[in-house]
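Just protein_26.cif here, mmCIF, C-alpha atoms:
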data_start
loop_
_atom_site.label_atom_id
_atom_site.label_comp_id
_atom_site.auth_asym_id
_atom_site.auth_seq_id
_atom_site.Cartn_x
_atom_site.Cartn_y
_atom_site.Cartn_z
CA MET A 265 -23.86 6.54 39.91
CA PRO A 266 -26.86 5.99 37.64
CA THR A 267 -28.35 2.62 38.46
CA ASN A 268 -28.56 1.49 34.86
CA ALA A 269 -24.91 2.15 33.91
CA HIS A 270 -24.15 -1.58 34.02
CA GLU A 271 -27.09 -2.32 31.75
CA ARG A 272 -25.94 0.25 29.23
CA ALA A 273 -22.43 -1.22 29.35
CA LYS A 274 -23.82 -4.71 28.76
CA THR A 275 -25.81 -3.49 25.79
CA LEU A 276 -22.71 -1.81 24.39
CA ASP A 277 -20.64 -4.95 24.95
CA GLY A 278 -23.32 -7.03 23.24
CA GLY A 279 -22.91 -4.89 20.14
CA ILE A 280 -19.15 -5.37 20.28
CA GLU A 281 -19.71 -9.11 20.61
CA GLN A 282 -21.75 -9.10 17.41
CA SER A 283 -19.11 -7.04 15.63
CA VAL A 284 -16.43 -9.56 16.58
CA GLU A 285 -18.57 -12.43 15.33
CA GLY A 286 -19.24 -10.63 12.07
CA LEU A 287 -15.64 -9.72 11.44
CA ALA A 288 -14.27 -11.80 8.58
CA LEU A 289 -10.53 -11.85 8.14
CA ARG A 290 -8.72 -13.25 5.16
CA SER A 291 -7.04 -16.62 5.66
CA LEU A 292 -4.53 -17.01 8.48
CA ARG A 293 -1.69 -16.98 6.00
CA ASP A 294 -3.01 -13.83 4.33
CA SER A 295 -3.59 -12.15 7.69
CA VAL A 296 -0.03 -12.86 8.85
CA ALA A 297 1.33 -11.65 5.51
CA GLN A 298 -0.67 -8.42 5.81
CA ILE A 299 0.60 -7.78 9.34
CA ARG A 300 4.20 -8.46 8.35
CA THR A 301 3.92 -6.36 5.20
CA TYR A 302 2.43 -3.41 7.09
CA LEU A 303 5.34 -3.41 9.53
CA GLN A 304 7.90 -3.83 6.75
CA TRP A 305 6.58 -0.80 4.87
CA GLN A 306 6.62 1.25 8.06
CA ASP A 307 10.12 0.05 8.80
CA ALA A 308 11.33 0.96 5.31
CA ASP A 309 10.12 4.52 5.97
CA LEU A 310 12.12 4.45 9.20
CA GLY A 311 15.32 3.44 7.43
CA HIS A 312 15.18 -0.21 8.47
CA ARG A 313 15.83 0.16 12.17
CA ASN A 314 13.74 -2.95 12.91
CA ASN A 315 14.32 -6.49 11.71
CA VAL A 316 10.68 -7.36 11.14
CA ALA A 317 11.40 -10.89 9.92
CA ARG A 318 13.26 -11.52 13.17
CA ILE A 319 10.93 -9.89 15.71
CA LEU A 320 7.62 -11.18 14.30
CA ARG A 321 7.19 -14.62 15.89
CA MET A 322 4.43 -17.19 15.66
CA VAL A 323 3.32 -20.28 17.48
CA GLY A 324 0.18 -22.30 16.97
CA ASN A 325 -1.79 -25.36 17.94
CA HIS A 326 -5.37 -26.63 17.94
CA GLY A 327 -6.38 -24.18 15.24
CA LEU A 328 -5.08 -21.14 17.13
CA THR A 329 -2.09 -19.06 16.11
CA PHE A 330 -0.40 -16.54 18.36
CA ILE A 331 1.56 -13.82 16.57
CA SER A 332 3.82 -11.61 18.63
CA VAL A 333 6.26 -8.75 18.48
CA GLY A 334 8.14 -7.74 21.59
CA PRO A 335 7.79 -8.98 25.14
CA SER A 336 4.54 -9.92 26.86
CA PHE A 337 4.97 -6.98 29.23
CA ASP A 338 6.78 -3.74 28.59
CA HIS A 339 9.48 -3.21 31.20
CA GLY A 340 11.64 -1.01 28.98
CA PRO A 341 13.17 -1.17 25.51
CA THR A 342 14.18 -4.55 24.09
CA GLU A 343 15.59 -5.77 20.79
CA SER A 344 12.26 -7.40 20.02
CA HIS A 345 10.20 -4.19 20.15
CA PHE A 346 9.21 -2.40 16.96
CA LYS A 347 10.76 1.04 17.38
CA LEU A 348 9.14 4.12 15.87
CA GLU A 349 10.76 7.37 14.79
CA SER A 350 9.37 9.29 17.76
CA GLY A 351 11.11 6.95 20.17
CA ALA A 352 7.88 5.13 20.94
CA ARG A 353 8.07 1.34 20.99
CA LEU A 354 5.40 -1.17 20.05
CA SER A 355 4.80 -4.69 21.29
CA PHE A 356 1.77 -6.79 20.53
CA GLY A 357 0.22 -10.23 20.67
CA ILE A 358 -2.58 -11.35 18.36
CA THR A 359 -4.36 -14.68 18.59
CA LEU A 360 -6.25 -15.88 15.52
CA ARG A 361 -8.38 -18.94 14.99
CA GLU A 362 -8.68 -20.71 11.66
CA ALA A 363 -11.50 -23.20 11.41
CA ASN A 364 -13.81 -24.37 8.64
CA GLY A 365 -12.01 -22.19 6.14
CA ARG A 366 -12.64 -19.06 8.19
CA CYS A 367 -10.12 -16.96 10.07
CA SER A 368 -11.32 -14.99 13.09
CA LEU A 369 -9.92 -12.80 15.84
CA VAL A 370 -9.75 -14.43 19.27
CA ALA A 371 -7.88 -11.77 21.25
CA TYR A 372 -5.19 -9.16 20.96
CA ARG A 373 -3.16 -6.57 22.82
CA PHE A 374 -1.17 -3.73 21.29
CA HIS A 375 1.01 -1.84 23.73
CA LEU A 376 2.56 1.41 22.55
CA SER A 377 5.02 2.88 25.04
CA LEU A 378 5.51 6.57 24.42
CA PRO A 379 8.88 8.31 24.69
CA GLU A 380 9.93 9.53 28.10
CA GLY A 381 8.25 12.75 29.12
CA GLN A 382 5.15 12.15 27.00
CA SER A 383 1.74 11.91 28.54
CA PRO A 384 0.14 9.46 28.71
CA SER A 385 3.07 7.10 29.04
CA PHE A 386 1.40 4.40 26.97
CA TYR A 387 -1.63 3.41 24.96
CA ARG A 388 -2.87 -0.15 24.89
CA PHE A 389 -5.55 -1.57 22.63
CA ASP A 390 -7.03 -4.84 23.88
CA LEU A 391 -9.54 -7.33 22.56
CA ASN A 392 -10.46 -9.80 25.28
CA GLU A 393 -11.26 -13.37 24.41
CA LYS A 394 -14.82 -13.05 25.69
CA ALA A 395 -17.12 -10.65 27.48
CA HIS A 396 -16.35 -9.82 31.11
CA GLU A 397 -19.06 -10.04 33.74
CA THR A 398 -18.69 -6.30 34.46
CA PRO A 399 -18.28 -4.70 31.03
CA LEU A 400 -18.56 -1.22 32.50
CA THR A 401 -15.04 -1.53 33.87
CA GLU A 402 -13.78 -4.15 31.42
CA PRO A 403 -15.40 -3.88 28.00
CA ARG A 404 -14.51 -6.69 25.64
CA CYS A 405 -12.75 -4.31 23.27
CA HIS A 406 -11.09 -1.36 24.93
CA TYR A 407 -8.07 0.86 25.13
CA HIS A 408 -6.00 2.03 28.07
CA PRO A 409 -5.09 5.72 27.93
CA GLY A 410 -1.92 5.27 29.96
CA VAL A 411 -3.59 3.75 33.01
CA ASP A 412 -3.69 -0.02 33.47
CA LYS A 413 -6.99 -0.07 35.30
CA VAL A 414 -8.84 2.36 33.06
CA ARG A 415 -10.38 0.56 30.10
CA LEU A 416 -12.44 2.67 27.74
CA PRO A 417 -14.62 0.88 25.20
CA CYS A 418 -13.79 1.14 21.54
CA PRO A 419 -15.11 -0.48 18.38
CA VAL A 420 -13.58 -3.76 17.29
CA LEU A 421 -10.60 -2.84 15.19
CA THR A 422 -8.74 -5.33 13.04
CA PRO A 423 -4.99 -5.55 13.63
CA LEU A 424 -4.35 -3.40 10.57
CA GLU A 425 -6.84 -0.82 11.83
CA VAL A 426 -5.00 -0.69 15.15
CA PHE A 427 -1.75 -0.16 13.23
CA ASP A 428 -3.45 2.68 11.34
CA ARG A 429 -4.21 4.44 14.64
CA ILE A 430 -0.71 3.88 15.97
CA PHE A 431 1.26 4.82 12.87
CA LEU A 432 -1.05 7.36 11.26
CA VAL A 433 -2.78 9.01 14.22
CA ILE A 434 -0.67 8.74 17.38
CA GLU A 435 2.84 8.71 15.91
CA PRO A 436 2.43 11.92 13.85
CA GLN A 437 1.26 13.72 16.99
CA LEU A 438 4.25 12.43 18.93
CA LEU A 439 6.58 13.64 16.20
CA ALA A 440 4.86 17.02 16.13
CA ALA A 441 5.24 17.30 19.88
CA ILE A 442 8.95 16.57 19.92
CA GLU A 443 10.00 18.43 16.78
CA PRO A 444 9.95 22.21 16.57
CA PRO A 445 7.62 23.52 13.83
CA MET B 178 24.94 -17.56 -1.73
CA THR B 179 24.76 -16.17 1.79
CA ASP B 180 25.39 -12.62 0.65
CA PHE B 181 22.11 -12.26 -1.21
CA LEU B 182 19.55 -9.88 0.27
CA THR B 183 16.86 -11.31 2.50
CA GLU B 184 13.13 -10.59 2.88
CA PRO B 185 12.51 -11.17 -0.86
CA ALA B 186 8.77 -10.53 -0.92
CA PHE B 187 9.10 -7.13 0.68
CA GLU B 188 12.23 -6.16 -1.25
CA ILE B 189 10.61 -7.12 -4.56
CA GLY B 190 7.58 -5.02 -3.64
CA ARG B 191 9.74 -2.07 -2.65
CA ARG B 192 11.79 -2.21 -5.85
CA LEU B 193 8.67 -2.46 -8.01
CA ASP B 194 7.24 0.50 -6.12
CA ILE B 195 10.32 2.53 -6.96
CA ARG B 196 11.01 1.32 -10.50
CA GLY B 197 7.58 0.47 -11.87
CA SER B 198 6.08 -2.91 -12.55
CA SER B 199 8.49 -4.29 -15.14
CA ALA B 200 11.47 -5.97 -13.55
CA TRP B 201 12.99 -9.39 -13.08
CA PHE B 202 13.94 -11.07 -9.86
CA VAL B 203 15.37 -14.35 -8.64
CA VAL B 204 14.37 -15.84 -5.32
CA LEU B 205 16.73 -18.43 -3.92
CA ARG B 206 14.31 -20.86 -2.35
CA PRO B 207 14.98 -22.85 0.83
CA ALA B 208 15.28 -26.62 0.70
CA GLU B 209 11.86 -27.23 2.21
CA ASP B 210 8.64 -26.36 0.46
CA ALA B 211 7.96 -22.69 1.03
CA LEU B 212 6.32 -21.79 -2.26
CA GLU B 213 2.78 -21.26 -1.00
CA HIS B 214 3.93 -19.01 1.83
CA PHE B 215 6.06 -16.98 -0.51
CA VAL B 216 3.23 -16.52 -3.02
CA THR B 217 0.98 -15.34 -0.17
CA ASP B 218 3.61 -12.94 1.17
CA LEU B 219 4.41 -11.50 -2.25
CA SER B 220 0.71 -11.11 -3.09
CA ALA B 221 0.22 -9.24 0.20
CA VAL B 222 3.14 -6.92 -0.45
CA LEU B 223 2.07 -6.21 -4.03
CA ASP B 224 -1.59 -6.09 -3.04
CA GLN B 225 -2.51 -8.22 -6.04
CA PRO B 226 -2.45 -11.94 -6.80
CA VAL B 227 0.80 -13.40 -8.03
CA ARG B 228 0.30 -15.82 -10.94
CA VAL B 229 2.31 -19.05 -10.86
CA VAL B 230 3.54 -20.21 -14.27
CA ARG B 231 5.36 -23.40 -15.17
CA SER B 232 7.79 -23.55 -18.04
CA SER B 233 8.94 -27.14 -18.27
CA GLY B 234 7.49 -29.06 -21.18
CA SER B 235 6.29 -25.79 -22.67
CA SER B 236 7.24 -24.61 -26.10
CA PHE B 237 8.52 -21.07 -26.27
CA GLU B 238 5.22 -20.12 -27.85
CA LYS B 239 3.32 -21.59 -24.91
CA LEU B 240 5.58 -19.79 -22.43
CA ARG B 241 5.17 -16.53 -24.31
CA SER B 242 1.43 -17.02 -24.34
CA ASP B 243 1.35 -17.82 -20.59
CA LEU B 244 3.42 -14.79 -19.72
CA ARG B 245 1.25 -12.54 -21.85
CA GLU B 246 -2.07 -14.01 -20.78
CA SER B 247 -2.20 -10.93 -18.65
CA SER B 248 0.86 -8.86 -19.36
CA ILE B 249 0.86 -6.68 -16.24
CA ASP B 250 0.30 -9.05 -13.34
CA PRO B 251 3.33 -10.34 -11.39
CA VAL B 252 4.36 -13.82 -12.49
CA LEU B 253 6.36 -16.43 -10.59
CA ILE B 254 8.03 -19.18 -12.66
CA THR B 255 8.51 -22.12 -10.36
CA ASP B 256 10.08 -25.03 -12.20
CA LEU B 257 13.25 -23.74 -13.80
CA ASP B 258 15.32 -25.97 -11.51
CA GLU B 259 14.38 -28.70 -13.94
CA ALA B 260 15.99 -26.86 -16.86
CA ASP B 261 19.27 -28.35 -18.09
CA ALA B 262 22.07 -26.45 -19.81
CA GLU B 263 20.45 -26.82 -23.21
CA ARG B 264 17.10 -25.52 -21.98
CA TRP B 265 18.71 -22.54 -20.21
CA CYS B 266 20.67 -21.66 -23.36
CA ALA B 267 17.51 -21.86 -25.44
CA LEU B 268 15.59 -19.73 -22.95
CA ASP B 269 18.42 -17.22 -22.98
CA VAL B 270 18.48 -16.99 -26.77
CA ASN B 271 14.71 -16.65 -26.88
CA ARG B 272 14.54 -14.21 -23.99
CA SER B 273 12.38 -11.81 -26.00
CA ALA B 274 9.57 -14.33 -25.46
CA TRP B 275 9.72 -13.48 -21.77
CA LEU B 276 9.52 -9.74 -22.05
CA ARG B 277 6.36 -8.30 -20.53
CA GLU B 278 5.11 -5.29 -18.62
CA GLY B 279 4.62 -7.05 -15.30
CA ALA B 280 7.27 -8.41 -12.95
CA VAL B 281 8.86 -11.83 -13.49
CA VAL B 282 10.17 -13.75 -10.52
CA LEU B 283 12.22 -16.92 -10.94
CA TRP B 284 11.96 -19.44 -8.09
CA LEU B 285 15.28 -21.30 -8.00
CA SER B 286 17.42 -23.52 -5.83
CA ALA B 287 21.12 -22.76 -5.37
CA ALA B 288 21.88 -25.17 -8.23
CA GLY B 289 19.29 -23.40 -10.37
CA VAL B 290 20.93 -20.02 -9.71
CA THR B 291 24.27 -21.53 -10.69
CA ASN B 292 22.77 -22.84 -13.94
CA LEU B 293 21.19 -19.46 -14.66
CA CYS B 294 24.54 -17.75 -14.18
CA SER B 295 26.39 -20.36 -16.25
CA TYR B 296 24.08 -20.86 -19.20
CA ALA B 297 21.83 -17.80 -19.44
CA PRO B 298 24.08 -14.73 -19.26
CA ASN B 299 21.51 -12.41 -20.85
CA ILE B 300 18.78 -13.35 -18.42
CA ARG B 301 21.32 -13.06 -15.60
CA SER B 302 22.08 -9.58 -16.81
CA ILE B 303 18.40 -8.60 -16.83
CA VAL B 304 18.07 -9.87 -13.25
CA GLY B 305 21.14 -7.91 -12.20
CA GLY B 306 21.45 -7.58 -8.44
CA SER B 307 17.86 -8.56 -7.76
CA ILE B 308 18.63 -11.98 -6.34
CA PHE B 309 17.20 -12.66 -2.88
CA ASN B 310 17.64 -15.42 -0.39
CA LEU B 311 14.33 -16.50 1.11
CA GLY B 312 16.05 -18.25 4.01
CA THR B 313 14.50 -20.69 6.39
CA ASP B 314 13.26 -18.46 9.20
CA GLY B 315 9.53 -18.54 8.71
CA GLY B 316 8.95 -16.72 12.00
CA ALA B 317 8.24 -19.82 14.08
CA MET B 318 8.83 -19.16 17.76
CA THR B 319 11.70 -21.20 19.16
CA ALA B 320 11.33 -23.31 22.29
CA ALA B 321 13.56 -20.85 24.15
CA GLU B 322 11.42 -17.88 23.09
CA ARG B 323 8.28 -19.73 24.13
CA ASP B 324 9.75 -20.66 27.51
CA ARG B 325 10.80 -17.05 28.12
CA GLN B 326 7.31 -15.75 27.40
CA ILE B 327 5.77 -18.37 29.68
CA ALA B 328 8.22 -17.43 32.44
CA ASP B 329 7.30 -13.74 32.00
CA LEU B 330 3.61 -14.57 32.28
CA GLU B 331 4.13 -16.69 35.40
CA ALA B 332 6.18 -13.91 37.02
CA HIS B 333 3.76 -11.12 36.12
CA PHE B 334 0.59 -12.87 37.23
CA GLU B 335 2.32 -14.78 40.07
CA MET B 336 0.63 -17.92 38.82
CA LYS B 337 2.02 -21.24 37.60
CA SER B 338 1.11 -22.58 34.19
CA ALA B 339 -0.53 -25.61 35.78
CA GLU B 340 -2.93 -23.26 37.56
CA VAL B 341 -3.75 -21.51 34.28
CA ILE B 342 -4.65 -24.86 32.74
CA ARG B 343 -6.72 -25.76 35.78
CA GLN B 344 -8.65 -22.49 35.61
CA ALA B 345 -9.17 -22.85 31.86
CA GLU B 346 -10.52 -26.37 32.37
CA SER B 347 -12.86 -25.00 35.04
CA GLY B 348 -13.98 -22.13 32.82
CA VAL B 349 -12.83 -19.46 35.27
CA LEU B 350 -9.75 -18.14 33.49
CA PRO B 351 -9.65 -14.32 33.21
CA THR B 352 -10.66 -12.97 29.83
CA GLU B 353 -7.53 -10.89 29.18
CA PRO B 354 -5.57 -11.54 25.97
CA HIS B 355 -2.48 -12.68 27.90
CA PHE B 356 -4.28 -15.78 29.17
CA VAL B 357 -5.23 -16.89 25.66
CA GLU B 358 -1.61 -16.42 24.61
CA TRP B 359 -0.48 -18.37 27.64
CA LEU B 360 -2.61 -21.37 26.69
CA VAL B 361 -1.36 -21.30 23.09
CA LEU B 362 2.24 -21.07 24.32
CA LEU B 363 1.57 -24.13 26.49
CA GLY B 364 0.21 -26.04 23.49
CA ARG B 365 -3.28 -25.98 25.02
CA GLY B 366 -5.15 -23.97 22.40
CA ASP B 367 -7.87 -26.61 22.77
CA LEU B 368 -8.84 -24.94 26.07
CA VAL B 369 -9.66 -21.60 24.40
#
structure tokens encoding of this file:
Amino acid sequence: MPTNAHERAKTLDGGIEQSVEGLALRSLRDSVAQIRTYLQWQDADLGHRNNVARILRMVGNHGLTFISVGPSFDHGPTESHFKLESGARLSFGITLREANGRCSLVAYRFHLSLPEGQSPSFYRFDLNEKAHETPLTEPRCHYHPGVDKVRLPCPVLTPLEVFDRIFLVIEPQLLAAIEPP
Amino acid sequence: MTDFLTEPAFEIGRRLDIRGSSAWFVVLRPAEDALEHFVTDLSAVLDQPVRVVRSSGSSFEKLRSDLRESSIDPVLITDLDEADAERWCALDVNRSAWLREGAVVLWLSAAGVTNLCSYAPNIRSIVGGSIFNLGTDGGAMTAAERDRQIADLEAHFEMKSAEVIRQAESGVLPTEPHFVEWLVLLGRGDLV
């Protein structure tokens, strides 16, 4: 292994760190409304198979708000998942901080379980709360291509940008794969 | 009242998307103050600011002028619960003062909806079936939901919540998103 791989990873993670710091979200209330609205529009296209108002839950204290859909860990379909047309199911947890009139991302995880028979079996987009001591194997912002212990770095995406990749990039490919042309 | 459609902000947005911007709606508000949240939600769905207008104490000319200050933005009239039978009748007779290109949303209590139906039949007709119940579920996690998530975290990581707090206080808690969530669920967001 090249001896400076860890240094390169640290440099990359430092850039991600700056991106997170520079990311300005709208107010907490606006951010929650945007997340809910995005899911509601998607659900309307799906024929209302998800009760977004019921599955989107929030809890907060000390300036932090945790927004969740679905279980903390995906062990199979549940009523609280957001179900997509392809049969994929989405669960996520987003933690936001509102302080001094500014709303910022603290951490998130978006877990998309793909329908049975699809490879990979899941995608997960994670933003860790802070940098890890070995960013080569655990970059602050990363995605898992179906393997829990493989974390590939990615730019800091906002929650809506993650939704864009799930609903507008991954889901169409899943549908294309399961539907005959 | 329980039969009205729910998710008013989204449903209003969807109907405006289908029918164009000019339409009237009634939102049956919950007992507690939810106006600010609703304005935020509706603004997000419509992707433009919703203007709040008050009608009480206004002449019809003032109301007409307020509604036409910008004729295409969505407007929410918030104080019609204060209107008595006479005021509703007058508003109904002078309904042409309300007509505009943008959407009009009336924010009413159950009693206000009853008054609208009783004393303003023309306005009621314009609203038609577009009456929505905002409800009281603002998405707050219940204690049972919180406890279930904490139990899932403890089982998955084979770690008790007390240990998570101890590690957070010592600055050695793993950096994964689940641990931040865990602290918030425990009411210890101060440790993040």
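If all atoms listed in the file are the atoms counted, then among A:Thr359, A:Thr422, A:Asn268, A:Gln306 the closest residue to chain B is A:Thr359.
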**Prompt:** Near chain A, which residues of chain B fall within 8 Å when you count only C-alpha atoms, and what do they look like as a ChimeraX atom specification?
**Reply:** /B:184,187,214,217-218,221-222,314-318,326,329-330,352-355,357-358,361-362,364-367
Check your understanding: What's the 10 Å shell around Gly340 in chain A, counting only C-alpha atoms, without same-chain residues fewer than 4 positions away, as a ChimeraX atom specification?
Key -> /A:335,345,353,377
*asked:* Using all atoms listed in the file, which protein or nucleic acid residues come within 8 Å of Leu244 in chain B? Drop anything in the same chain fewer than 5 positions from it, and give the result as a PyMOL selection string.
replied: chain B and resi 230+252+275+277
Residues just named, written with C-alpha atoms as a PDB file, in the frame of the given file:
ATOM      1  CA  VAL B 230       3.540 -20.210 -14.270  1.00  0.00           C
ATOM      2  CA  VAL B 252       4.360 -13.820 -12.490  1.00  0.00           C
ATOM      3  CA  TRP B 275       9.720 -13.480 -21.770  1.00  0.00           C
ATOM      4  CA  ARG B 277       6.360  -8.300 -20.530  1.00  0.00           C
TER       5      ARG B 277
END
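Reported to one decimal place, the separation of CA of Ala262 in chain B from CA of Ser295 in chain B is 8.3 Å.
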